[in-house]
Each structure stands twice: as structure tokens, then as C-alpha cells.
Amino acid sequence: LPLYDLMLGAYLVNSSGGFAFSGLVSDYLCEILEESRPIVSYFLRLYPVIREKLCESEQEQLLLEIEMPLARVLADMEEVGFRIDRDGIRDYGEKLGSVAQALEAQIFFHAGKEFNVNSPKQLGEVLFEVLKLPHAKKTKTGYSTNAEILEKLRPYHPIIEEILEYRQITKLKSTYADGLLKVADENGRVHTTFKQTGTATGRLSSAEPNLQNIPIRTELGRELRKFFIPTAEGRVLIDADYSQIELRLLADIAGDTAMREAFVSGFDIHTDTASRVFGVDKDHVTVELRKKAKAINFGIMYGMGEHSLSEDLHISRAEAKSYIDSYLSSYPDINRYLDEIIKTAYEQGYVTTKLGRRRFIPELAESNKMRKKFGERVAMNSPIQGTAADIMKIAMIRVHDRLTRSGLDAKLILQVHDELILEASAQDAEAAMALLCEEMENAVKLSVPLDVEAHIGANWFEAH
């Protein structure tokens with residue numbers, strides 16, 4: 001039977017809208033959903049309206065060839081789930097609890113008294129009244145102690161480092177160590193819900209539990225991945241990750257010759273950027289310079305200005321401006337692309353991905369300068385992020401279909417941003433990994449190669 005998913009169709013028509021069924025009825029039929037009427041009576045009336053809008057925006061193919069086939073893949077992944085090592089997570093939670101207690105003791109020592117670290121009101125009083133730190137921002141309920149304010153306070157007192165770490169540890173403990181144990185089924189598997197309509201860019205999101213948000217910047221956060229394991233002995237996990245997909249797409253979409261050449265030759269892009277921006281020979285690029293170039297590469301793509309870059313790299317605004325100017329003259333086509341995409345977004349009110357997915361940007365029509373600037377940053381990044389999402393979706397559909405046909409004992413179990421995870425029997429692991437890499441690398445044809453890094457391991461940490 002031919003199927004047509006109205007919710008996914010409406011998502012493609014306008015990814016920033018709401019997709020509750022009552023919302024679709026009021027938006028497309030200008031009626032209020034009557035609870036007494038069978039819901040199915042609205043389907044046939046909604047179908048031609050949504051279909052017409054999809055055809056007008058040339059996105060029906062995206063629905064029929066990507067979004068709807070992907071829904072079946074996601075349903076299978078949700079059903080299979082991901083097994084966790086419950087005993088390991090329990091011990092890990094206890095360890096986090098001890099670390100949090102030790103940090104709390106340090107915080108009390110610096111504050112000169114005990115207080116509730118989790119209370120923004122009490123924390124604000126300690127930081128700005130007891131310790132008299134700068135950047136105090138008074139709100140109706142007390143002082144603001146959000147992450148942004150704390151980052152500014154870092155250089156002024158050692159208590160800040162401890163508070164930031166304490167927040168991270170307690171979040172890890174409550175959300176993941178305790179949270180995962182609560183939602184695991186009787187076989188120790190957690191079944192996330194993938195949301196296909198959860199982001200405006202086209203990327204997937206995950207909820208209850210959110211497995212796409214596991215903090216991996218810290219060692220303790222990365223350690224959590226050790227407790228994600230295969231379902232039985234003799235089975236392994238395979239993790240494949242697109243390498244720098246967004247920068248590759250920037251080079252491809254902007255048509256920048258210099259950046260394309262770096263990717264085609266296989267040369268490290270951040271080293272290439274550092275060499276151009278800082279005017280040093282490629283062989284003399286230091287770790288520090290490469291790190292700065294990496295921040296500039298990703299910053300430019302997200303529309304980062306000199307102010308943000310200066311804060312990111314702890315340099316003056318004048319220095320940040322000179323880095324950005326040097327970058328844009330080193331990669332002139334990127335400069336041209338960013339200017340053009342903003343102009344197009346103002347003219348059309350939306351931007352599109354390489355595969356035709358639209359994202360409307362209502363902020364560009366607002367009079368507020370800050371909102372307009374935000375809209376411009378969205379315009380710069382959405383075609384890139386959205387294309388990366390489209391590519392990942394194509395890869396998932398093809399990997400799922402090929403695994404089903406191949407007879408290999410392997411299944412897709414998780415997608416996290418640019419990363420796909422399979423569970424397989426040890427004897428089929430190498431073949432499944434080769435299949436996974438092949439489909440990911442060939443999902444679309446670009447002017448630069450799509451590089452994939454893959455590993456096999458006894459747990460998610462090892463496989464990554």
C-alpha cells in the first residue's frame with residue numbers, strides 16, 4: 001500500500017513549525033480539531049494540501065526517498081535498543097557521587113561557609129557578595145550564575161573551576177548514571193526515541209534517554225561510553241564517524257579551490273588553514289597554531305565574529321579580526337559564498353541544502369538587530385548542517401537495507417550526529433564494517449572525498 005506521512009510532510013514544508021496533529025489541522029485546514037470526530041476524517045483533507053506545498057517547494061522526493069524510508073530504519077533501531085552494563089554504571093554513579101562530594105567540600109572551603117551549590121540564589125550571594133567577584137548581573141530572583149557568567153569569572157577565583165566541574169559531574173550522575181538505570185528494560189537495554197522532526201536543520205535528535213548528548217569533552221564523560229556494550233558474548237560494536245563532514249561540505253558548496261585541494265590531497269585541513277592564516281610553512285605549524293586554526297575553521301562556518309573568536313582564543317578583538325580577515329583572503333570563495341548565502345536568505349526568506357531541504361529564517365524579517373544577526377548565522381550554517389544531516393540519513397537507509405539483504409549478523413543501533421554504531425557478531429564484524437564505511441563514503445557524490453573513520457570494540461568507548 002502507498003503510504004504518505006503527513007507529519008513528516010509538514011516538517012519538510014516548514015521545519016520551524018509545530019507538528020502536533022491539532023496544529024496541522026488549524027494551519028492547513030483553518031479549523032479546530034474536534035475531539036468527537038474520528039481523527040482519520042482529517043487525513044484525506046490534509047493530504048492534498050500538504051502534498052501541494054511539498055511539490056511547490058520541490059521537496060516531495062525528500063519525503064518519499066529519505067524521510068519516510070528512514071522512519072522504518074529508526075523504528076527498527078528503537079526496538080533493538082542499546083545494552084548497558086548496569087553494574088558498571090552503578091559503580092560509576094557512586095564514583096561520580098564521591099567526586100561531587102569532594103568538589104563540594106572544596107567549594108565550601110573557598111566560600112568560607114556551607115551553602116546549597118545547586119541554588120542559583122545562594123551561589124550568586126557567595127560569588128558576588130561574599131567573594132565580591134566582578135560581572136554581577138542582578139535579576140528579579142537574585143544574581144545570574146549561568147555558564148556564560150561563570151566562564152567570564154574563571155580567571156578571578158579557583159572556586160569557579162570547581163563549580164563548573166561540580167555542575168558537570170552532578171549532571172552526569174543524575175542524567176546518565178542514575179537516569180539510564182531507570183529507563184533500562186529487563187534485559188538491560190535502553191530504547192531511545194529518535195525524533196525526526198526535532199530540529200530545524202534536518203538533523204535527528206534523541207530523547208528518553210537522549211543518547212546524542214553524552215558529554216565527551218571530559219575524561220569522566222567519555223568513560224560513560226565504556227558501559228554501552230553488545231548484547232552477548234562473541235558480539236562487538238562497530239563505530240564509524242564522518243571525518244570533518246561540515247568543513248568538507250563548506251569546501252564543496254562554496255566551491256573553494258584551496259580548501260578543496262587540501263581535502264582531495266588528504267592533507268590535514270587545520271594545518272593547511274594554520275599555514276595560510278599565520279603565514280608559516282606547513283612543516284612548522286605547531287599544535288597551538290593548529291588548535292587556533294581549528295577554532296577559526298569551525299567559527300567561520302557558524303558565523304562567528306571577532307568578539308566570539310577573541311573570547312574563544314583569549315586574544316584581543318583586533319587580533320581576532322586580523323585572523324578572520326586573513327582566513328577570508330586565504331579562502332576567497334568561502335567569503336563570497338557567505339556573502340551570497342546571506343543575500344539569498346534575505347531575498348527568499350529561506351536557504352536550502354544540496355538536496356533541496358528548505359529552512360525558513362523568520363528572524364531576518366525582524367527589526368531587532370541581534371535577532372537579524374542570529375538569522376544571518378543560521379543562513380550561513382543551515383545549508384551545511386542540513387546537507388550533513390541529509391547525507392547521514394541516506395547512509396543510514398542504505399546501510400540498513402544492505403545489512404538486511406547481506407545476511408550478515410549485524411544491526412544498526414545508534415546514530416549520534418556524524419557517527420553510526422552497529423552491533424555485530426565477532427565473525428561478521430570486519431565485513432559489516434567494510435559495508436558500513438562503503439555506504440557512508442558513497443552516500444552522495446561531492447567534489448571532495450567523504451572520509452570515514454571506523455573501529456571495532458568490546459564497548460562504545462573502545463569502538464570510538
# chains A, B, ... in the order shown; residues from 1 in each chain; ligands from 1
$ select_by_dssp --residues "segment 146-243 of chain A" --states "strand (DSSP E or B)" --output "PDB file with N, CA and C atoms, in the first residue's frame"
ATOM      1  N   ARG A 189      18.611  -3.163  28.287  1.00  0.00           N
ATOM      2  CA  ARG A 189      18.718  -2.331  27.075  1.00  0.00           C
ATOM      3  C   ARG A 189      17.977  -1.010  27.263  1.00  0.00           C
ATOM      4  N   VAL A 190      18.568   0.043  26.730  1.00  0.00           N
ATOM      5  CA  VAL A 190      17.860   1.328  26.735  1.00  0.00           C
ATOM      6  C   VAL A 190      17.360   1.584  25.314  1.00  0.00           C
ATOM      7  N   THR A 193      14.186   7.307  21.874  1.00  0.00           N
ATOM      8  CA  THR A 193      13.206   7.660  20.839  1.00  0.00           C
ATOM      9  C   THR A 193      13.880   8.664  19.917  1.00  0.00           C
ATOM     10  N   PHE A 194      14.006   8.311  18.645  1.00  0.00           N
ATOM     11  CA  PHE A 194      14.603   9.244  17.677  1.00  0.00           C
ATOM     12  C   PHE A 194      13.522  10.198  17.194  1.00  0.00           C
ATOM     13  N   LYS A 195      13.841  11.486  17.214  1.00  0.00           N
ATOM     14  CA  LYS A 195      12.861  12.473  16.766  1.00  0.00           C
ATOM     15  C   LYS A 195      13.256  12.962  15.384  1.00  0.00           C
ATOM     16  N   SER A 205      17.189  14.116  16.443  1.00  0.00           N
ATOM     17  CA  SER A 205      17.506  14.273  17.863  1.00  0.00           C
ATOM     18  C   SER A 205      17.002  13.021  18.570  1.00  0.00           C
ATOM     19  N   SER A 206      17.369  12.865  19.837  1.00  0.00           N
ATOM     20  CA  SER A 206      17.039  11.639  20.552  1.00  0.00           C
ATOM     21  C   SER A 206      16.562  12.006  21.948  1.00  0.00           C
ATOM     22  N   ALA A 207      15.594  11.239  22.474  1.00  0.00           N
ATOM     23  CA  ALA A 207      15.040  11.585  23.788  1.00  0.00           C
ATOM     24  C   ALA A 207      14.660  10.338  24.569  1.00  0.00           C
ATOM     25  N   PHE A 228      28.316   1.042  27.563  1.00  0.00           N
ATOM     26  CA  PHE A 228      27.431   0.690  26.461  1.00  0.00           C
ATOM     27  C   PHE A 228      28.073  -0.498  25.759  1.00  0.00           C
ATOM     28  N   ILE A 229      27.395  -1.643  25.796  1.00  0.00           N
ATOM     29  CA  ILE A 229      28.041  -2.908  25.407  1.00  0.00           C
ATOM     30  C   ILE A 229      27.160  -3.716  24.448  1.00  0.00           C
ATOM     31  N   ARG A 235      30.005 -10.926  20.648  1.00  0.00           N
ATOM     32  CA  ARG A 235      29.480  -9.830  19.834  1.00  0.00           C
ATOM     33  C   ARG A 235      30.302  -8.573  20.089  1.00  0.00           C
ATOM     34  N   VAL A 236      30.326  -7.671  19.101  1.00  0.00           N
ATOM     35  CA  VAL A 236      31.141  -6.449  19.212  1.00  0.00           C
ATOM     36  C   VAL A 236      30.342  -5.237  18.730  1.00  0.00           C
ATOM     37  N   LEU A 237      30.900  -4.053  18.975  1.00  0.00           N
ATOM     38  CA  LEU A 237      30.313  -2.820  18.456  1.00  0.00           C
ATOM     39  C   LEU A 237      31.227  -2.258  17.375  1.00  0.00           C
ATOM     40  N   ILE A 238      30.623  -1.662  16.362  1.00  0.00           N
ATOM     41  CA  ILE A 238      31.378  -1.015  15.281  1.00  0.00           C
ATOM     42  C   ILE A 238      30.939   0.437  15.236  1.00  0.00           C
ATOM     43  N   ASP A 239      31.898   1.336  15.282  1.00  0.00           N
ATOM     44  CA  ASP A 239      31.585   2.762  15.298  1.00  0.00           C
ATOM     45  C   ASP A 239      32.245   3.421  14.088  1.00  0.00           C
ATOM     46  N   ALA A 240      31.453   4.084  13.268  1.00  0.00           N
ATOM     47  CA  ALA A 240      32.006   4.788  12.096  1.00  0.00           C
ATOM     48  C   ALA A 240      31.593   6.251  12.156  1.00  0.00           C
ATOM     49  N   ASP A 241      32.549   7.109  11.861  1.00  0.00           N
ATOM     50  CA  ASP A 241      32.366   8.548  12.063  1.00  0.00           C
ATOM     51  C   ASP A 241      32.800   9.298  10.799  1.00  0.00           C
ATOM     52  N   TYR A 242      31.957  10.214  10.308  1.00  0.00           N
ATOM     53  CA  TYR A 242      32.389  11.069   9.198  1.00  0.00           C
ATOM     54  C   TYR A 242      33.453  12.028   9.719  1.00  0.00           C
TER      55      TYR A 242
END
$ select_by_dssp --residues "segment 288-422 of chain A" --states "alpha helix (DSSP H)" --output "short mmCIF file (atom, residue, chain, number, x, y, z; two decimals) with N, CA, C and O atoms, in the first residue's frame"
data_model
loop_
_atom_site.label_atom_id
_atom_site.label_comp_id
_atom_site.auth_asym_id
_atom_site.auth_seq_id
_atom_site.Cartn_x
_atom_site.Cartn_y
_atom_site.Cartn_z
N GLU A 288 49.65 24.38 18.94
CA GLU A 288 48.90 25.56 19.38
C GLU A 288 48.27 26.29 18.17
O GLU A 288 47.11 26.68 18.21
N LEU A 289 49.09 26.44 17.10
CA LEU A 289 48.58 27.14 15.90
C LEU A 289 47.47 26.33 15.23
O LEU A 289 46.48 26.88 14.76
N ARG A 290 47.64 25.00 15.23
CA ARG A 290 46.61 24.15 14.62
C ARG A 290 45.30 24.27 15.40
O ARG A 290 44.22 24.31 14.82
N LYS A 291 45.43 24.35 16.73
CA LYS A 291 44.26 24.48 17.60
C LYS A 291 43.51 25.79 17.30
O LYS A 291 42.28 25.83 17.20
N LYS A 292 44.29 26.86 17.10
CA LYS A 292 43.67 28.16 16.77
C LYS A 292 42.97 28.09 15.41
O LYS A 292 41.87 28.60 15.24
N ALA A 293 43.66 27.46 14.45
CA ALA A 293 43.09 27.35 13.10
C ALA A 293 41.80 26.55 13.12
O ALA A 293 40.84 26.87 12.41
N LYS A 294 41.76 25.53 13.96
CA LYS A 294 40.55 24.70 14.08
C LYS A 294 39.38 25.55 14.59
O LYS A 294 38.27 25.47 14.07
N ALA A 295 39.66 26.37 15.60
CA ALA A 295 38.62 27.25 16.15
C ALA A 295 38.12 28.22 15.09
O ALA A 295 36.92 28.51 14.99
N ILE A 296 39.05 28.70 14.24
CA ILE A 296 38.67 29.65 13.18
C ILE A 296 37.84 28.93 12.11
O ILE A 296 36.80 29.41 11.67
N ASN A 297 38.31 27.73 11.70
CA ASN A 297 37.59 26.96 10.69
C ASN A 297 36.14 26.74 11.06
O ASN A 297 35.22 26.97 10.27
N PHE A 298 35.90 26.26 12.28
CA PHE A 298 34.53 25.98 12.71
C PHE A 298 33.78 27.27 13.03
O PHE A 298 32.59 27.38 12.76
N GLY A 299 34.50 28.25 13.56
CA GLY A 299 33.87 29.52 13.91
C GLY A 299 33.31 30.23 12.69
O GLY A 299 32.17 30.71 12.70
N ILE A 300 34.08 30.29 11.62
CA ILE A 300 33.65 30.97 10.37
C ILE A 300 32.37 30.33 9.86
O ILE A 300 31.43 31.00 9.45
N MET A 301 32.34 29.00 9.92
CA MET A 301 31.19 28.26 9.40
C MET A 301 29.91 28.55 10.19
O MET A 301 28.82 28.45 9.68
N GLU A 306 34.41 38.57 15.36
CA GLU A 306 35.68 38.78 16.07
C GLU A 306 35.52 38.74 17.60
O GLU A 306 36.41 38.30 18.32
N HIS A 307 34.34 39.19 18.08
CA HIS A 307 34.12 39.22 19.52
C HIS A 307 34.16 37.79 20.10
O HIS A 307 34.88 37.51 21.05
N SER A 308 33.37 36.88 19.48
CA SER A 308 33.33 35.49 19.96
C SER A 308 34.67 34.81 19.81
O SER A 308 35.11 34.07 20.69
N LEU A 309 35.34 35.05 18.67
CA LEU A 309 36.63 34.41 18.45
C LEU A 309 37.66 34.90 19.47
O LEU A 309 38.47 34.11 19.98
N SER A 310 37.63 36.19 19.79
CA SER A 310 38.59 36.72 20.76
C SER A 310 38.36 36.08 22.13
O SER A 310 39.31 35.74 22.83
N GLU A 311 37.09 35.84 22.48
CA GLU A 311 36.79 35.18 23.77
C GLU A 311 37.20 33.71 23.73
O GLU A 311 37.73 33.19 24.70
N ASP A 312 36.96 33.07 22.61
CA ASP A 312 37.29 31.65 22.45
C ASP A 312 38.78 31.38 22.57
O ASP A 312 39.20 30.41 23.18
N LEU A 313 39.56 32.24 21.93
CA LEU A 313 41.01 32.03 21.89
C LEU A 313 41.78 32.87 22.93
O LEU A 313 43.01 32.82 22.96
N ARG A 317 40.39 41.66 20.40
CA ARG A 317 39.47 41.70 19.27
C ARG A 317 40.19 42.07 17.98
O ARG A 317 39.86 41.59 16.90
N ALA A 318 41.21 42.93 18.10
CA ALA A 318 41.97 43.35 16.92
C ALA A 318 42.69 42.14 16.31
O ALA A 318 42.71 41.96 15.09
N GLU A 319 43.25 41.30 17.20
CA GLU A 319 43.96 40.10 16.73
C GLU A 319 42.97 39.13 16.07
O GLU A 319 43.24 38.56 15.02
N ALA A 320 41.80 38.98 16.72
CA ALA A 320 40.77 38.08 16.17
C ALA A 320 40.32 38.57 14.80
O ALA A 320 40.14 37.78 13.87
N LYS A 321 40.16 39.87 14.66
CA LYS A 321 39.74 40.45 13.37
C LYS A 321 40.79 40.18 12.30
O LYS A 321 40.46 39.80 11.17
N SER A 322 42.07 40.31 12.67
CA SER A 322 43.13 40.08 11.68
C SER A 322 43.15 38.60 11.26
O SER A 322 43.39 38.29 10.10
N TYR A 323 42.86 37.68 12.19
CA TYR A 323 42.80 36.24 11.86
C TYR A 323 41.66 35.98 10.87
O TYR A 323 41.83 35.26 9.88
N ILE A 324 40.49 36.56 11.16
CA ILE A 324 39.32 36.34 10.29
C ILE A 324 39.57 36.91 8.90
O ILE A 324 39.31 36.26 7.88
N ASP A 325 40.14 38.13 8.85
CA ASP A 325 40.44 38.76 7.54
C ASP A 325 41.42 37.91 6.75
O ASP A 325 41.27 37.70 5.54
N SER A 326 42.45 37.42 7.46
CA SER A 326 43.48 36.59 6.81
C SER A 326 42.86 35.29 6.29
O SER A 326 43.18 34.82 5.19
N TYR A 327 41.94 34.71 7.08
CA TYR A 327 41.25 33.47 6.69
C TYR A 327 40.45 33.70 5.41
O TYR A 327 40.53 32.93 4.45
N LEU A 328 39.67 34.78 5.41
CA LEU A 328 38.78 35.04 4.27
C LEU A 328 39.54 35.41 3.00
O LEU A 328 39.07 35.15 1.89
N SER A 329 40.74 35.96 3.16
CA SER A 329 41.53 36.23 1.94
C SER A 329 42.27 34.96 1.49
O SER A 329 42.59 34.80 0.32
N SER A 330 42.51 34.03 2.45
CA SER A 330 43.15 32.75 2.08
C SER A 330 42.18 31.84 1.34
O SER A 330 42.57 31.05 0.49
N PRO A 332 39.11 32.76 -0.58
CA PRO A 332 38.20 33.81 -1.08
C PRO A 332 36.81 33.33 -1.46
O PRO A 332 35.83 34.06 -1.31
N ASP A 333 36.71 32.08 -1.94
CA ASP A 333 35.40 31.59 -2.37
C ASP A 333 34.46 31.37 -1.18
O ASP A 333 33.24 31.42 -1.32
N ILE A 334 35.06 31.11 -0.02
CA ILE A 334 34.23 30.94 1.18
C ILE A 334 33.64 32.29 1.57
O ILE A 334 32.46 32.39 1.92
N ASN A 335 34.46 33.32 1.49
CA ASN A 335 34.00 34.69 1.77
C ASN A 335 32.83 35.04 0.84
O ASN A 335 31.79 35.55 1.28
N ARG A 336 33.00 34.73 -0.45
CA ARG A 336 31.98 35.02 -1.45
C ARG A 336 30.69 34.23 -1.14
O ARG A 336 29.60 34.76 -1.16
N TYR A 337 30.86 32.93 -0.81
CA TYR A 337 29.70 32.08 -0.51
C TYR A 337 28.91 32.63 0.68
O TYR A 337 27.68 32.72 0.64
N LEU A 338 29.62 33.02 1.76
CA LEU A 338 28.93 33.50 2.96
C LEU A 338 28.14 34.78 2.66
O LEU A 338 27.01 34.95 3.12
N ASP A 339 28.74 35.66 1.86
CA ASP A 339 28.03 36.89 1.47
C ASP A 339 26.79 36.57 0.64
O ASP A 339 25.72 37.12 0.85
N GLU A 340 26.97 35.65 -0.31
CA GLU A 340 25.87 35.31 -1.23
C GLU A 340 24.72 34.61 -0.52
O GLU A 340 23.55 34.87 -0.79
N ILE A 341 25.06 33.70 0.41
CA ILE A 341 24.00 32.92 1.07
C ILE A 341 23.15 33.83 1.96
O ILE A 341 21.94 33.68 2.06
N ILE A 342 23.79 34.84 2.56
CA ILE A 342 23.04 35.79 3.40
C ILE A 342 22.10 36.62 2.51
O ILE A 342 20.92 36.82 2.83
N LYS A 343 22.62 37.04 1.36
CA LYS A 343 21.83 37.82 0.41
C LYS A 343 20.62 37.00 -0.07
O LYS A 343 19.48 37.47 -0.07
N THR A 344 20.89 35.76 -0.43
CA THR A 344 19.81 34.85 -0.89
C THR A 344 18.75 34.67 0.19
O THR A 344 17.55 34.68 -0.08
N ALA A 345 19.22 34.49 1.43
CA ALA A 345 18.29 34.27 2.54
C ALA A 345 17.38 35.47 2.75
O ALA A 345 16.18 35.32 2.99
N TYR A 346 17.94 36.68 2.63
CA TYR A 346 17.11 37.89 2.76
C TYR A 346 16.09 37.98 1.64
O TYR A 346 14.94 38.34 1.85
N GLU A 347 16.51 37.61 0.43
CA GLU A 347 15.61 37.70 -0.74
C GLU A 347 14.49 36.67 -0.66
O GLU A 347 13.33 36.96 -0.91
N GLN A 348 14.84 35.41 -0.32
CA GLN A 348 13.86 34.31 -0.36
C GLN A 348 13.15 34.07 0.97
O GLN A 348 12.05 33.53 1.00
N LYS A 369 18.13 44.03 15.89
CA LYS A 369 19.44 43.80 15.25
C LYS A 369 20.06 42.46 15.64
O LYS A 369 20.64 41.77 14.81
N MET A 370 19.94 42.14 16.94
CA MET A 370 20.51 40.88 17.45
C MET A 370 19.84 39.68 16.79
O MET A 370 20.50 38.71 16.41
N ARG A 371 18.50 39.74 16.65
CA ARG A 371 17.75 38.64 16.03
C ARG A 371 18.13 38.50 14.56
O ARG A 371 18.27 37.41 14.03
N LYS A 372 18.30 39.64 13.89
CA LYS A 372 18.72 39.64 12.48
C LYS A 372 20.07 38.95 12.32
O LYS A 372 20.29 38.14 11.43
N LYS A 373 21.01 39.33 13.20
CA LYS A 373 22.37 38.75 13.17
C LYS A 373 22.30 37.24 13.38
O LYS A 373 23.02 36.48 12.73
N PHE A 374 21.43 36.83 14.32
CA PHE A 374 21.25 35.39 14.56
C PHE A 374 20.75 34.73 13.27
O PHE A 374 21.25 33.67 12.88
N GLY A 375 19.79 35.36 12.60
CA GLY A 375 19.25 34.85 11.34
C GLY A 375 20.33 34.69 10.28
O GLY A 375 20.35 33.72 9.52
N GLU A 376 21.25 35.65 10.24
CA GLU A 376 22.35 35.58 9.27
C GLU A 376 23.27 34.38 9.56
O GLU A 376 23.73 33.70 8.65
N ARG A 377 23.52 34.15 10.86
CA ARG A 377 24.36 33.00 11.22
C ARG A 377 23.67 31.69 10.84
O ARG A 377 24.30 30.75 10.36
N VAL A 378 22.35 31.65 11.04
CA VAL A 378 21.56 30.46 10.66
C VAL A 378 21.66 30.25 9.15
O VAL A 378 21.83 29.12 8.67
N ALA A 379 21.58 31.35 8.39
CA ALA A 379 21.65 31.26 6.92
C ALA A 379 22.99 30.70 6.47
O ALA A 379 23.06 29.90 5.53
N MET A 380 24.08 31.11 7.15
CA MET A 380 25.42 30.63 6.77
C MET A 380 25.56 29.14 7.03
O MET A 380 26.14 28.40 6.24
N ASN A 381 25.03 28.69 8.18
CA ASN A 381 25.32 27.32 8.60
C ASN A 381 24.29 26.28 8.17
O ASN A 381 24.64 25.12 7.97
N SER A 382 23.02 26.69 8.02
CA SER A 382 21.97 25.68 7.76
C SER A 382 22.18 24.84 6.50
O SER A 382 21.95 23.64 6.52
N PRO A 383 22.62 25.44 5.36
CA PRO A 383 22.83 24.59 4.18
C PRO A 383 23.88 23.51 4.44
O PRO A 383 23.79 22.41 3.91
N ILE A 384 24.87 23.83 5.27
CA ILE A 384 25.95 22.87 5.55
C ILE A 384 25.47 21.81 6.53
O ILE A 384 25.57 20.61 6.27
N GLN A 385 24.92 22.26 7.66
CA GLN A 385 24.44 21.30 8.67
C GLN A 385 23.31 20.44 8.11
O GLN A 385 23.26 19.24 8.36
N GLY A 386 22.43 21.07 7.34
CA GLY A 386 21.30 20.34 6.76
C GLY A 386 21.74 19.32 5.73
O GLY A 386 21.19 18.22 5.65
N THR A 387 22.76 19.67 4.93
CA THR A 387 23.27 18.71 3.93
C THR A 387 23.94 17.54 4.64
O THR A 387 23.78 16.39 4.24
N ALA A 388 24.67 17.83 5.73
CA ALA A 388 25.31 16.75 6.50
C ALA A 388 24.23 15.81 7.04
O ALA A 388 24.40 14.58 7.03
N ALA A 389 23.11 16.38 7.48
CA ALA A 389 22.00 15.56 8.01
C ALA A 389 21.41 14.70 6.89
O ALA A 389 21.14 13.50 7.09
N ASP A 390 21.22 15.29 5.71
CA ASP A 390 20.68 14.54 4.57
C ASP A 390 21.59 13.36 4.19
O ASP A 390 21.12 12.26 3.93
N ILE A 391 22.89 13.64 4.18
CA ILE A 391 23.86 12.59 3.81
C ILE A 391 23.81 11.44 4.82
O ILE A 391 23.81 10.27 4.45
N MET A 392 23.76 11.79 6.10
CA MET A 392 23.70 10.77 7.14
C MET A 392 22.43 9.92 7.00
O MET A 392 22.46 8.70 7.14
N LYS A 393 21.33 10.57 6.68
CA LYS A 393 20.06 9.83 6.53
C LYS A 393 20.13 8.85 5.35
O LYS A 393 19.67 7.71 5.45
N ILE A 394 20.71 9.31 4.24
CA ILE A 394 20.86 8.43 3.07
C ILE A 394 21.73 7.23 3.44
O ILE A 394 21.41 6.07 3.13
N ALA A 395 22.84 7.51 4.15
CA ALA A 395 23.75 6.44 4.56
C ALA A 395 23.02 5.43 5.45
O ALA A 395 23.17 4.21 5.27
N MET A 396 22.22 5.92 6.40
CA MET A 396 21.51 5.02 7.31
C MET A 396 20.55 4.09 6.56
O MET A 396 20.48 2.89 6.83
N ILE A 397 19.82 4.66 5.60
CA ILE A 397 18.85 3.86 4.83
C ILE A 397 19.60 2.77 4.06
O ILE A 397 19.22 1.60 4.07
N ARG A 398 20.71 3.17 3.42
CA ARG A 398 21.45 2.21 2.59
C ARG A 398 22.14 1.13 3.43
O ARG A 398 22.17 -0.04 3.05
N VAL A 399 22.70 1.54 4.57
CA VAL A 399 23.36 0.57 5.46
C VAL A 399 22.32 -0.44 5.96
O VAL A 399 22.54 -1.65 5.91
N HIS A 400 21.18 0.05 6.40
CA HIS A 400 20.11 -0.80 6.92
C HIS A 400 19.64 -1.78 5.85
O HIS A 400 19.51 -2.99 6.10
N ASP A 401 19.41 -1.27 4.63
CA ASP A 401 18.92 -2.13 3.55
C ASP A 401 19.96 -3.18 3.16
O ASP A 401 19.62 -4.35 2.95
N ARG A 402 21.21 -2.76 3.06
CA ARG A 402 22.26 -3.71 2.65
C ARG A 402 22.51 -4.77 3.71
O ARG A 402 22.75 -5.93 3.39
N LEU A 403 22.46 -4.37 4.97
CA LEU A 403 22.65 -5.36 6.05
C LEU A 403 21.53 -6.39 6.01
O LEU A 403 21.75 -7.59 6.19
N THR A 404 20.31 -5.93 5.75
CA THR A 404 19.15 -6.83 5.68
C THR A 404 19.34 -7.84 4.54
O THR A 404 19.10 -9.04 4.70
N ARG A 405 19.82 -7.34 3.39
CA ARG A 405 20.00 -8.22 2.22
C ARG A 405 21.22 -9.13 2.34
O ARG A 405 21.24 -10.22 1.81
N SER A 406 22.24 -8.65 3.05
CA SER A 406 23.53 -9.36 3.05
C SER A 406 23.53 -10.64 3.87
O SER A 406 24.37 -11.52 3.68
#
$ residues_around --residues "Gly23 of chain A" --least-positions-apart "3" --cutoff "12 Å" --atoms "only C-alpha atoms" --output "list in words"
Leu6, Met7, Ala10, Tyr11, Gly17, Gly18, Phe19, Ala20, Ser26, Asp27, Tyr28, Leu29, Cys30, Glu31, Ile32, Leu33 and Leu46 of chain A
$ closest_residue --among "A:Glu78, A:Glu441, A:Glu453, A:Glu366" --to "Glu208 of chain A" --atoms "only C-alpha atoms"
A:Glu78
$ closest_atom_pairs --of "segment 65-169 of chain A" --to "segment 408-424 of chain A" --cutoff "12 Å" --atoms "only C-alpha atoms" --output "Markdown table"
| residue | atom | partner | partner_atom | distance |
| --- | --- | --- | --- | --- |
| A:Leu70 | CA | A:Gln415 | CA | 12.0 |
| A:Val73 | CA | A:Leu412 | CA | 8.5 |
| A:Leu74 | CA | A:Ile413 | CA | 8.9 |
| A:Ala75 | CA | A:Ile413 | CA | 10.4 |
| A:Asp76 | CA | A:Ile413 | CA | 8.3 |
| A:Met77 | CA | A:Ile413 | CA | 5.0 |
| A:Glu78 | CA | A:Ile413 | CA | 7.6 |
| A:Glu79 | CA | A:Ile413 | CA | 9.0 |
| A:Val80 | CA | A:Ile413 | CA | 6.7 |
| A:Gly81 | CA | A:Ile413 | CA | 6.2 |
| A:Phe82 | CA | A:Ile413 | CA | 6.4 |
| A:Arg83 | CA | A:Ile413 | CA | 9.8 |
